[in-house]
file coords-v5.txt (compact mmCIF, C-alpha atoms and all ligand atoms)
# COMPACT_ATOMS: atom_id res chain seq x y z
CA MET P 1 28.18 -61.95 -55.66
CA SER P 2 27.48 -60.38 -59.07
CA SER P 3 30.63 -60.51 -61.24
CA GLN P 4 33.26 -57.73 -61.27
CA PRO P 5 33.92 -56.48 -64.80
CA THR P 6 37.34 -54.99 -65.54
CA ASN P 7 36.75 -52.83 -68.60
CA ARG P 8 33.14 -51.76 -68.77
CA VAL P 9 32.25 -48.26 -69.96
CA PHE P 10 28.97 -46.49 -69.24
CA SER P 11 28.00 -43.10 -70.62
CA GLY P 12 24.84 -41.21 -71.43
CA VAL P 13 23.45 -38.28 -73.31
CA GLN P 14 20.24 -36.42 -72.51
CA PRO P 15 17.54 -36.41 -75.21
CA SER P 16 16.74 -32.87 -74.12
CA GLY P 17 16.99 -31.44 -77.62
CA GLN P 18 18.98 -31.95 -80.77
CA LEU P 19 22.45 -33.38 -80.39
CA HIS P 20 25.11 -30.92 -81.50
CA LEU P 21 28.74 -30.55 -82.44
CA GLY P 22 29.73 -30.22 -78.77
CA ASN P 23 28.11 -33.55 -77.94
CA TYR P 24 29.82 -35.09 -80.96
CA LEU P 25 33.36 -33.75 -80.39
CA GLY P 26 33.18 -33.87 -76.59
CA ALA P 27 31.56 -37.28 -76.19
CA ILE P 28 30.10 -39.32 -79.04
CA ARG P 29 33.23 -39.49 -81.18
CA ASN P 30 35.13 -40.78 -78.19
CA TRP P 31 32.38 -43.32 -77.39
CA VAL P 32 32.78 -44.76 -80.87
CA ALA P 33 36.55 -45.20 -80.37
CA LEU P 34 36.08 -46.83 -76.96
CA GLN P 35 34.16 -49.69 -78.54
CA ASP P 36 37.53 -51.17 -79.56
CA GLY P 37 38.87 -51.72 -76.07
CA TYR P 38 35.84 -51.80 -73.77
CA GLU P 39 32.48 -53.41 -73.23
CA CYS P 40 30.32 -50.32 -73.80
CA ILE P 41 26.89 -49.38 -72.48
CA TYR P 42 25.45 -46.17 -73.96
CA CYS P 43 22.23 -44.66 -72.75
CA LEU P 44 19.78 -41.96 -73.78
CA VAL P 45 19.16 -40.64 -70.32
CA ASP P 46 15.54 -39.57 -70.63
CA MET P 47 15.05 -39.60 -66.84
CA HIS P 48 17.83 -37.02 -66.49
CA ALA P 49 16.25 -34.98 -69.29
CA ILE P 50 13.00 -34.47 -67.34
CA THR P 51 14.84 -32.77 -64.48
CA VAL P 52 13.92 -29.72 -66.56
CA TRP P 53 10.59 -29.57 -68.39
CA GLN P 54 10.39 -31.55 -71.64
CA GLU P 55 7.39 -31.58 -73.96
CA PRO P 56 6.44 -35.31 -74.02
CA ALA P 57 6.24 -35.55 -77.82
CA ALA P 58 9.56 -33.70 -78.20
CA LEU P 59 11.24 -35.97 -75.63
CA LYS P 60 10.13 -39.05 -77.50
CA LYS P 61 11.27 -37.65 -80.85
CA ALA P 62 14.63 -36.59 -79.40
CA THR P 63 15.15 -40.06 -77.93
CA PHE P 64 14.67 -41.73 -81.32
CA GLU P 65 16.79 -39.04 -83.00
CA GLY P 66 19.51 -39.49 -80.39
CA ALA P 67 19.59 -43.23 -81.05
CA ALA P 68 19.81 -42.52 -84.78
CA ALA P 69 22.66 -40.03 -84.21
CA LEU P 70 24.67 -42.47 -82.12
CA ILE P 71 24.29 -45.29 -84.63
CA ALA P 72 25.06 -42.94 -87.54
CA ALA P 73 28.20 -41.73 -85.73
CA GLY P 74 29.44 -45.31 -85.41
CA ILE P 75 28.00 -46.89 -82.26
CA ASP P 76 27.33 -50.50 -83.19
CA PRO P 77 24.17 -51.58 -81.36
CA GLU P 78 25.05 -55.25 -81.90
CA THR P 79 28.26 -55.12 -79.88
CA SER P 80 27.60 -52.13 -77.62
CA ILE P 81 24.41 -51.80 -75.60
CA LEU P 82 22.28 -48.83 -76.66
CA PHE P 83 19.02 -48.09 -74.84
CA ASN P 84 16.93 -45.44 -73.13
CA GLN P 85 17.24 -45.18 -69.37
CA SER P 86 13.55 -45.27 -68.38
CA GLN P 87 13.16 -48.75 -69.91
CA VAL P 88 15.43 -50.23 -67.20
CA ALA P 89 13.92 -49.91 -63.73
CA ALA P 90 17.29 -50.56 -62.04
CA HIS P 91 18.28 -46.91 -62.58
CA ALA P 92 15.37 -45.57 -60.52
CA GLU P 93 15.62 -48.27 -57.86
CA LEU P 94 19.32 -47.76 -57.24
CA ALA P 95 19.01 -43.97 -57.44
CA TRP P 96 16.63 -44.04 -54.48
CA ILE P 97 18.99 -46.14 -52.38
CA PHE P 98 21.90 -43.87 -53.36
CA SER P 99 19.93 -40.77 -52.45
CA CYS P 100 19.82 -42.27 -48.97
CA VAL P 101 23.60 -42.93 -49.03
CA ALA P 102 24.65 -39.51 -50.38
CA ARG P 103 24.72 -36.58 -47.95
CA ILE P 104 23.01 -33.23 -48.47
CA GLY P 105 26.38 -31.51 -48.05
CA TRP P 106 27.73 -33.49 -51.01
CA MET P 107 24.83 -32.40 -53.25
CA ASP P 108 25.17 -28.81 -52.07
CA ARG P 109 28.66 -28.69 -53.54
CA MET P 110 27.56 -29.63 -57.09
CA THR P 111 28.23 -26.66 -59.35
CA GLN P 112 26.07 -27.93 -62.22
CA PHE P 113 22.94 -27.62 -60.07
CA LYS P 114 23.89 -24.04 -59.24
CA ASP P 115 24.51 -23.29 -62.95
CA LYS P 116 21.33 -24.95 -64.20
CA ALA P 117 19.03 -23.77 -61.40
CA GLY P 118 20.36 -20.22 -61.75
CA LYS P 119 18.96 -17.57 -59.45
CA ASN P 120 15.63 -19.33 -59.10
CA LYS P 121 16.80 -22.28 -56.99
CA GLN P 122 13.51 -22.63 -55.13
CA ARG P 123 11.67 -23.28 -58.37
CA ALA P 124 14.10 -25.90 -59.70
CA SER P 125 12.89 -29.51 -59.57
CA VAL P 126 14.03 -31.77 -56.73
CA GLY P 127 15.23 -34.11 -59.49
CA LEU P 128 17.67 -31.49 -60.78
CA TYR P 129 19.15 -31.33 -57.27
CA THR P 130 19.44 -35.10 -56.80
CA TYR P 131 20.53 -35.71 -60.43
CA PRO P 132 24.03 -36.88 -59.33
CA ALA P 133 22.50 -39.77 -57.32
CA LEU P 134 20.74 -40.95 -60.48
CA MET P 135 23.98 -40.57 -62.42
CA ALA P 136 25.78 -42.71 -59.82
CA ALA P 137 23.03 -45.32 -60.21
CA ASP P 138 23.40 -45.26 -64.01
CA ILE P 139 27.07 -46.10 -63.68
CA LEU P 140 27.06 -48.47 -60.72
CA ALA P 141 24.00 -50.54 -61.73
CA TYR P 142 26.40 -51.97 -64.32
CA LYS P 143 29.50 -51.78 -62.11
CA ALA P 144 31.05 -49.69 -64.87
CA THR P 145 34.78 -49.38 -64.35
CA HIS P 146 35.33 -46.43 -66.69
CA VAL P 147 33.30 -43.37 -67.62
CA PRO P 148 34.28 -40.97 -70.39
CA VAL P 149 33.60 -37.53 -68.97
CA GLY P 150 33.76 -33.97 -70.14
CA GLU P 151 35.12 -31.38 -67.72
CA ASP P 152 31.57 -30.46 -66.69
CA GLN P 153 30.84 -33.98 -65.44
CA LYS P 154 34.06 -34.55 -63.47
CA GLN P 155 32.50 -33.42 -60.21
CA HIS P 156 29.54 -35.79 -60.65
CA LEU P 157 31.88 -38.69 -61.26
CA GLU P 158 33.76 -37.88 -58.06
CA LEU P 159 30.42 -38.02 -56.25
CA THR P 160 29.77 -41.42 -57.83
CA ARG P 161 33.06 -42.62 -56.38
CA ASP P 162 32.12 -41.20 -52.95
CA ILE P 163 28.75 -42.97 -53.09
CA ALA P 164 30.38 -46.28 -54.11
CA GLU P 165 32.90 -46.02 -51.27
CA LYS P 166 30.28 -45.09 -48.67
CA PHE P 167 27.93 -47.88 -49.75
CA ASN P 168 30.79 -50.42 -49.67
CA HIS P 169 31.81 -49.14 -46.25
CA ASP P 170 28.33 -48.82 -44.67
CA TYR P 171 27.25 -52.30 -45.77
CA ASP P 172 30.69 -53.85 -45.29
CA ALA P 173 30.73 -55.11 -48.85
CA ASP P 174 33.03 -54.89 -51.83
CA ILE P 175 30.27 -54.61 -54.37
CA PHE P 176 30.95 -51.39 -56.27
CA PRO P 177 34.10 -50.49 -58.20
CA ILE P 178 35.71 -47.08 -57.83
CA THR P 179 34.99 -45.89 -61.35
CA GLU P 180 37.83 -44.25 -63.27
CA PRO P 181 37.27 -41.20 -65.48
CA LEU P 182 38.42 -41.32 -69.09
CA ILE P 183 39.16 -37.68 -69.82
CA GLN P 184 39.38 -36.59 -73.40
CA GLU P 185 41.50 -33.47 -73.80
CA GLU P 186 40.75 -32.50 -77.38
CA GLY P 187 37.30 -31.07 -78.03
CA ALA P 188 36.63 -31.31 -74.31
CA ARG P 189 34.59 -28.12 -74.27
CA ILE P 190 33.05 -26.63 -77.39
CA MET P 191 31.57 -23.21 -76.83
CA SER P 192 28.55 -21.40 -78.27
CA LEU P 193 29.01 -19.84 -81.71
CA ARG P 194 27.33 -16.70 -80.35
CA ASP P 195 29.23 -16.40 -77.06
CA GLY P 196 32.66 -17.90 -76.61
CA THR P 197 32.26 -17.96 -72.83
CA ALA P 198 29.11 -20.15 -72.80
CA LYS P 199 29.07 -23.89 -73.53
CA MET P 200 27.46 -25.03 -76.78
CA SER P 201 24.22 -26.42 -75.45
CA LYS P 202 20.97 -28.04 -76.64
CA SER P 203 18.94 -25.76 -74.44
CA ASP P 204 20.43 -22.47 -75.69
CA PRO P 205 17.43 -20.58 -77.09
CA SER P 206 19.46 -19.44 -80.11
CA ASP P 207 19.73 -22.11 -82.80
CA LEU P 208 22.62 -20.09 -84.28
CA SER P 209 24.64 -20.88 -81.15
CA ARG P 210 25.16 -24.50 -82.13
CA ILE P 211 25.63 -26.85 -85.07
CA ASN P 212 23.01 -29.57 -84.72
CA LEU P 213 23.68 -33.06 -86.01
CA THR P 214 20.50 -32.61 -88.06
CA ASP P 215 21.79 -29.48 -89.86
CA ASP P 216 22.40 -29.76 -93.61
CA ALA P 217 25.52 -28.43 -95.36
CA ASP P 218 24.01 -25.02 -96.12
CA THR P 219 22.86 -24.53 -92.53
CA ILE P 220 26.28 -25.51 -91.17
CA ALA P 221 28.00 -23.04 -93.53
CA ARG P 222 25.54 -20.27 -92.64
CA LYS P 223 25.98 -20.77 -88.89
CA ILE P 224 29.77 -20.71 -89.19
CA ARG P 225 29.60 -17.57 -91.37
CA LYS P 226 27.45 -15.91 -88.72
CA ALA P 227 29.59 -17.11 -85.80
CA ARG P 228 30.68 -14.23 -83.61
CA THR P 229 34.33 -13.17 -83.96
CA ASP P 230 36.40 -10.07 -83.30
CA ALA P 231 37.97 -7.51 -85.63
CA GLU P 232 41.58 -8.79 -85.55
CA ASP P 233 43.24 -11.39 -87.78
CA LEU P 234 44.02 -14.81 -86.37
CA PRO P 235 47.24 -14.92 -84.33
CA SER P 236 50.17 -17.17 -85.30
CA GLU P 237 50.60 -18.66 -81.82
CA PRO P 238 48.09 -20.02 -79.24
CA ALA P 239 49.17 -17.30 -76.77
CA GLY P 240 47.57 -14.76 -79.12
CA LEU P 241 44.14 -16.33 -78.44
CA GLU P 242 44.26 -15.04 -74.86
CA GLY P 243 41.17 -12.92 -74.16
CA ARG P 244 39.64 -13.85 -77.55
CA ALA P 245 37.09 -16.50 -76.53
CA GLU P 246 35.25 -16.64 -79.87
CA ALA P 247 38.43 -16.90 -81.94
CA ARG P 248 39.76 -19.59 -79.61
CA ASN P 249 36.54 -21.58 -79.92
CA LEU P 250 36.61 -21.61 -83.71
CA VAL P 251 40.29 -22.62 -83.68
CA ASP P 252 39.49 -25.37 -81.17
CA ILE P 253 36.64 -26.65 -83.33
CA MET P 254 38.92 -26.76 -86.39
CA ALA P 255 41.61 -28.56 -84.36
CA ALA P 256 39.13 -31.07 -82.93
CA LEU P 257 37.54 -31.81 -86.31
CA ASN P 258 40.97 -32.40 -87.87
CA GLY P 259 42.41 -34.19 -84.84
CA THR P 260 45.21 -31.60 -84.58
CA SER P 261 46.16 -28.81 -82.19
CA GLN P 262 45.75 -25.04 -81.94
CA GLU P 263 49.43 -24.72 -82.97
CA VAL P 264 48.84 -26.59 -86.23
CA VAL P 265 45.69 -24.63 -87.07
CA LEU P 266 47.40 -21.31 -86.37
CA ARG P 267 50.45 -22.29 -88.42
CA ASP P 268 48.09 -22.50 -91.41
CA PHE P 269 45.79 -19.57 -90.63
CA GLY P 270 47.85 -17.14 -88.48
CA GLY P 271 47.74 -13.62 -89.99
CA LYS P 272 44.64 -14.41 -92.06
CA GLY P 273 41.21 -12.86 -91.57
CA PHE P 274 38.15 -14.72 -90.36
CA ALA P 275 36.45 -14.83 -93.77
CA ASP P 276 39.06 -17.28 -95.16
CA PHE P 277 39.20 -19.24 -91.96
CA LYS P 278 35.43 -19.59 -91.67
CA GLN P 279 35.23 -20.83 -95.26
CA SER P 280 37.80 -23.55 -94.54
CA LEU P 281 36.17 -24.40 -91.22
CA SER P 282 32.79 -24.84 -92.83
CA ASP P 283 34.32 -27.06 -95.57
CA VAL P 284 35.92 -29.25 -92.91
CA ALA P 285 32.77 -29.34 -90.75
CA VAL P 286 30.57 -30.29 -93.69
CA ALA P 287 33.03 -32.96 -94.88
CA LYS P 288 33.22 -34.54 -91.39
CA LEU P 289 29.58 -34.20 -90.40
CA SER P 290 27.61 -34.81 -93.58
CA PRO P 291 28.23 -38.59 -93.71
CA ILE P 292 26.79 -38.73 -90.19
CA THR P 293 23.89 -36.35 -90.75
CA GLU P 294 22.84 -38.13 -93.95
CA LYS P 295 22.90 -41.55 -92.30
CA MET P 296 21.12 -40.16 -89.27
CA ALA P 297 18.33 -38.67 -91.38
CA ALA P 298 17.77 -42.03 -93.09
CA LEU P 299 17.77 -43.92 -89.77
CA ALA P 300 15.43 -41.41 -88.11
CA GLU P 301 12.78 -42.30 -90.72
CA ASP P 302 12.80 -45.90 -89.53
CA GLU P 303 11.26 -45.68 -86.07
CA THR P 304 10.49 -49.41 -86.05
CA TYR P 305 14.18 -50.23 -86.37
CA LEU P 306 15.14 -47.71 -83.69
CA GLN P 307 12.46 -49.05 -81.36
CA THR P 308 13.87 -52.57 -81.81
CA VAL P 309 17.40 -51.37 -81.07
CA LEU P 310 16.29 -49.62 -77.87
CA ASP P 311 14.16 -52.56 -76.72
CA ASN P 312 16.98 -55.06 -77.29
CA GLY P 313 19.47 -52.77 -75.60
CA ALA P 314 17.18 -52.34 -72.61
CA GLU P 315 16.75 -56.10 -72.29
CA ARG P 316 20.51 -56.68 -72.33
CA ALA P 317 21.12 -53.81 -69.89
CA ALA P 318 18.44 -55.06 -67.48
CA ALA P 319 20.02 -58.54 -67.49
CA ILE P 320 23.37 -57.06 -66.37
CA ALA P 321 21.80 -54.83 -63.71
CA ALA P 322 19.45 -57.45 -62.23
CA PRO P 323 21.99 -59.38 -60.10
CA VAL P 324 23.58 -56.10 -58.95
CA ILE P 325 20.22 -54.75 -57.76
CA ALA P 326 19.38 -58.07 -56.09
CA GLU P 327 22.67 -57.98 -54.20
CA VAL P 328 22.19 -54.35 -53.19
CA LYS P 329 18.69 -55.07 -51.88
CA ALA P 330 19.91 -58.06 -49.90
CA LEU P 331 22.79 -56.04 -48.42
CA THR P 332 20.39 -53.22 -47.56
CA GLY P 333 18.19 -55.61 -45.59
CA PHE P 334 15.16 -55.46 -47.85
CA VAL P 335 13.05 -58.61 -47.86
CA THR P 336 13.44 -59.98 -51.36
CA PRO P 337 11.38 -62.72 -53.07
CA GLY P 338 11.84 -65.97 -51.10
N1 LIG F 1 29.64 -27.97 -75.54
C1 LIG F 1 30.13 -29.15 -75.27
N2 LIG F 1 31.43 -29.42 -75.51
C2 LIG F 1 31.94 -30.64 -75.24
N3 LIG F 1 31.22 -31.66 -74.74
C3 LIG F 1 29.93 -31.44 -74.50
N4 LIG F 1 28.94 -32.23 -74.02
C4 LIG F 1 27.78 -31.53 -73.97
N5 LIG F 1 27.98 -30.28 -74.41
C5 LIG F 1 29.30 -30.19 -74.75
C6 LIG F 1 29.15 -33.61 -73.60
O1 LIG F 1 28.15 -34.42 -74.20
C7 LIG F 1 27.82 -35.48 -73.30
C8 LIG F 1 26.34 -35.56 -73.16
O2 LIG F 1 25.86 -34.38 -72.59
P1 LIG F 1 24.37 -34.23 -72.14
O3 LIG F 1 23.54 -34.03 -73.31
O4 LIG F 1 23.98 -35.39 -71.33
O5 LIG F 1 24.34 -33.04 -71.14
P2 LIG F 1 24.83 -31.59 -71.22
O6 LIG F 1 26.30 -31.53 -71.00
O7 LIG F 1 23.97 -30.85 -70.24
O8 LIG F 1 24.50 -31.13 -72.71
P3 LIG F 1 23.76 -29.86 -73.19
O9 LIG F 1 23.78 -29.84 -74.66
O10 LIG F 1 24.29 -28.63 -72.49
O11 LIG F 1 22.28 -30.17 -72.77
P4 LIG F 1 21.24 -29.30 -71.99
O12 LIG F 1 21.19 -28.01 -72.73
O13 LIG F 1 19.97 -30.09 -72.09
O14 LIG F 1 21.76 -29.18 -70.60
C9 LIG F 1 28.52 -35.20 -71.97
O15 LIG F 1 29.65 -36.05 -71.87
C10 LIG F 1 28.93 -33.77 -72.10
O16 LIG F 1 30.13 -33.51 -71.38
call {"tool": "encode", "arguments": {"input": "coords-v5.txt", "output": "structure tokens"}}
result
Amino acid sequence: MSSQPTNRVFSGVQPSGQLHLGNYLGAIRNWVALQDGYECIYCLVDMHAITVWQEPAALKKATFEGAAALIAAGIDPETSILFNQSQVAAHAELAWIFSCVARIGWMDRMTQFKDKAGKNKQRASVGLYTYPALMAADILAYKATHVPVGEDQKQHLELTRDIAEKFNHDYDADIFPITEPLIQEEGARIMSLRDGTAKMSKSDPSDLSRINLTDDADTIARKIRKARTDAEDLPSEPAGLEGRAEARNLVDIMAALNGTSQEVVLRDFGGKGFADFKQSLSDVAVAKLSPITEKMAALAEDETYLQTVLDNGAERAAAIAAPVIAEVKALTGFVTPG
């Protein structure tokens, strides 16, 4: 039997556009910290990205840029494994088997499909619908024991656990672990700068809605200045943020960047207007992000280096997945090479 790891993390980000502050505060920053206690596998999930249309040249560019962003943020490609999903065939192979294990009723319950497909469900790709089976394959091809998840991915991780349990049960095997979520509270959900009720997202048509990890200091300051707010001053207590989604979001961003809480931010800024607050927020954002954006810009120039990182990562990832896939195929009853 392929070995059972005890502290292996898998996580991924879609190269479906430019990585932004939400990706950084909600995921990447945490991925960097996890490298201390876990064996980490981080993936640019390009196969997930094409569940909605991606211009081929833009997808390729975003994959290299994503790798640059992760390394610039502190992912060490020597110790952690960093690669793009489509280079390791195990993901697609296992996803097919899992799409035969998962039930239609399970997929029907996934709220992200409903959100992303919108009203035009019939025109959404089949891949967008079966996305959670591919996500389960991403995780279980490596028998990952832990997955850092934002709130929006919790439901998909539960489905991964259901698939693992059903596969283990159906094939009377103890092959897959029941993966545990690692939930990060702070910065868990960063909202759009234009609409405090919508998630900050790569695919939002308005560039002013997000701070990209490629934005320079002036652009960051301009976007924060233009961020939507309301007419009142900041409250002194978190309860005063009730019903003020945009104000809450900016306070949350300040708290997440400084590693503090809403209480601490409001102790400093309660009773002040947004002009002062936005100035301080943009100073903090620039101070925290510019070391990353500068390093990222330098790395993004060196495509040869990034290609080598992704190739090496893919080779190491494939070596871990190979015995798992072989075991799955044998359990399934497929005739494997004799
Ligand atoms: N706004 C956000 N706040 C906190 N965390 C976020 N993440 C994404 N947006 C926010 C977290 O980043 C990780 C990678 O996400 P992803 O790129 O794979 O997928 P996504 O959540 O669909 O991101 P986008 O930006 O909204 O992409 P598009 O527009 O292409 O769908 C995940 O851990 C996610 O929680």
call {"tool": "residues_around", "arguments": {"input": "coords-v5.txt", "residues": "stretch 205-220 of chain P", "least_positions_apart": "3", "cutoff": "8 Å", "atoms": "only C-alpha atoms", "output": "ChimeraX atom specification"}}
result
/P:18-21,69,192-195,200-202,223-224,226-227,282,285-286,289-290,292-293,296-297
call {"tool": "write_last_selection", "arguments": {"input": "coords-v5.txt", "atoms": "C-alpha atoms", "output": "short mmCIF file (atom, residue, chain, number, x, y, z; two decimals), in the frame of the given file"}}
result
data_model
loop_
_atom_site.label_atom_id
_atom_site.label_comp_id
_atom_site.auth_asym_id
_atom_site.auth_seq_id
_atom_site.Cartn_x
_atom_site.Cartn_y
_atom_site.Cartn_z
CA GLN P 18 18.98 -31.95 -80.77
CA LEU P 19 22.45 -33.38 -80.39
CA HIS P 20 25.11 -30.92 -81.50
CA LEU P 21 28.74 -30.55 -82.44
CA ALA P 69 22.66 -40.03 -84.21
CA SER P 192 28.55 -21.40 -78.27
CA LEU P 193 29.01 -19.84 -81.71
CA ARG P 194 27.33 -16.70 -80.35
CA ASP P 195 29.23 -16.40 -77.06
CA MET P 200 27.46 -25.03 -76.78
CA SER P 201 24.22 -26.42 -75.45
CA LYS P 202 20.97 -28.04 -76.64
CA LYS P 223 25.98 -20.77 -88.89
CA ILE P 224 29.77 -20.71 -89.19
CA LYS P 226 27.45 -15.91 -88.72
CA ALA P 227 29.59 -17.11 -85.80
CA SER P 282 32.79 -24.84 -92.83
CA ALA P 285 32.77 -29.34 -90.75
CA VAL P 286 30.57 -30.29 -93.69
CA LEU P 289 29.58 -34.20 -90.40
CA SER P 290 27.61 -34.81 -93.58
CA ILE P 292 26.79 -38.73 -90.19
CA THR P 293 23.89 -36.35 -90.75
CA MET P 296 21.12 -40.16 -89.27
CA ALA P 297 18.33 -38.67 -91.38
#
call {"tool": "axis_aligned_box", "arguments": {"input": "coords-v5.txt", "around": "stretch 137-147 of chain P", "padding_each_side": "8 Å", "output": "AutoDock Vina command-line options"}}
result
--center_x 29.2 --center_y -47.7 --center_z -63.9 --size_x 28.3 --size_y 24.6 --size_z 23.4
call {"tool": "atom_distance", "arguments": {"input": "coords-v5.txt", "atom1": "atom CA of P:Lys60", "atom2": "atom C9 of ligand LIG 1 (chain F)"}}
result
19.6 Å
call {"tool": "residues_near_point", "arguments": {"input": "coords-v5.txt", "point": "(20.8, -50.1, -69.7)", "cutoff": "6 Å", "atoms": "all atoms listed in the file", "output": "list in words"}}
result
Phe83, Val88, Ala314, Ala317 and Ala318 of chain P
call {"tool": "write_last_selection", "arguments": {"input": "coords-v5.txt", "atoms": "C-alpha atoms", "output": "mmCIF file, in the coordinates of the input"}}
result
data_model
loop_
_atom_site.group_PDB
_atom_site.id
_atom_site.type_symbol
_atom_site.label_atom_id
_atom_site.label_comp_id
_atom_site.auth_asym_id
_atom_site.auth_seq_id
_atom_site.Cartn_x
_atom_site.Cartn_y
_atom_site.Cartn_z
ATOM 1 C CA PHE P 83 19.020 -48.090 -74.840
ATOM 2 C CA VAL P 88 15.430 -50.230 -67.200
ATOM 3 C CA ALA P 314 17.180 -52.340 -72.610
ATOM 4 C CA ALA P 317 21.120 -53.810 -69.890
ATOM 5 C CA ALA P 318 18.440 -55.060 -67.480
#
call {"tool": "residues_near_point", "arguments": {"input": "coords-v5.txt", "point": "(36.5, -24.1, -81.5)", "cutoff": "12 Å", "atoms": "only C-alpha atoms", "output": "ChimeraX atom specification"}}
result
/P:21-22,25-26,186-197,199-200,210-211,224,227-229,241,244-258,260-262,265,277-278,281-282,285
call {"tool": "closest_residue", "arguments": {"input": "coords-v5.txt", "among": "P:Pro181, P:Gly259, P:Gly338, P:Pro148", "to": "ligand LIG 1 (chain F)", "atoms": "all atoms listed in the file"}}
result
P:Pro148
call {"tool": "atom_distance", "arguments": {"input": "coords-v5.txt", "atom1": "atom CA of P:Glu303", "atom2": "atom CA of P:Ile139"}}
result
27.4 Å
call {"tool": "residues_around", "arguments": {"input": "coords-v5.txt", "residues": "P:Lys329", "least_positions_apart": "4", "cutoff": "12 Å", "atoms": "all atoms listed in the file", "output": "ChimeraX atom specification"}}
result
/P:90,93-94,96-98,167,171,175,322-325,333-337
call {"tool": "closest_residue", "arguments": {"input": "coords-v5.txt", "among": "P:Ala57, P:Ala239, P:Cys40, P:Met47", "to": "P:Ile75", "atoms": "all atoms listed in the file"}}
result
P:Cys40
call {"tool": "residues_around", "arguments": {"input": "coords-v5.txt", "residues": "P:Gly313", "least_positions_apart": "6", "cutoff": "10 Å", "atoms": "all atoms listed in the file", "output": "PDB file with C-alpha atoms, in the coordinates of the input"}}
result
ATOM      1  CA  ILE P  41      26.890 -49.380 -72.480  1.00  0.00           C
ATOM      2  CA  TYR P  42      25.450 -46.170 -73.960  1.00  0.00           C
ATOM      3  CA  CYS P  43      22.230 -44.660 -72.750  1.00  0.00           C
ATOM      4  CA  PRO P  77      24.170 -51.580 -81.360  1.00  0.00           C
ATOM      5  CA  GLU P  78      25.050 -55.250 -81.900  1.00  0.00           C
ATOM      6  CA  SER P  80      27.600 -52.130 -77.620  1.00  0.00           C
ATOM      7  CA  ILE P  81      24.410 -51.800 -75.600  1.00  0.00           C
ATOM      8  CA  LEU P  82      22.280 -48.830 -76.660  1.00  0.00           C
ATOM      9  CA  PHE P  83      19.020 -48.090 -74.840  1.00  0.00           C
ATOM     10  CA  ASN P  84      16.930 -45.440 -73.130  1.00  0.00           C
ATOM     11  CA  GLN P  87      13.160 -48.750 -69.910  1.00  0.00           C
ATOM     12  CA  VAL P  88      15.430 -50.230 -67.200  1.00  0.00           C
ATOM     13  CA  GLN P 307      12.460 -49.050 -81.360  1.00  0.00           C
ATOM     14  CA  ALA P 319      20.020 -58.540 -67.490  1.00  0.00           C
TER      15      ALA P 319
END
call {"tool": "atom_distance", "arguments": {"input": "coords-v5.txt", "atom1": "atom CA of P:Phe10", "atom2": "atom CA of P:Lys61"}}
result
22.9 Å
call {"tool": "closest_residue", "arguments": {"input": "coords-v5.txt", "among": "P:Lys272, P:Lys154, P:Lys295, P:Arg316", "to": "ligand LIG 1 (chain F)", "atoms": "all atoms listed in the file"}}
result
P:Lys154
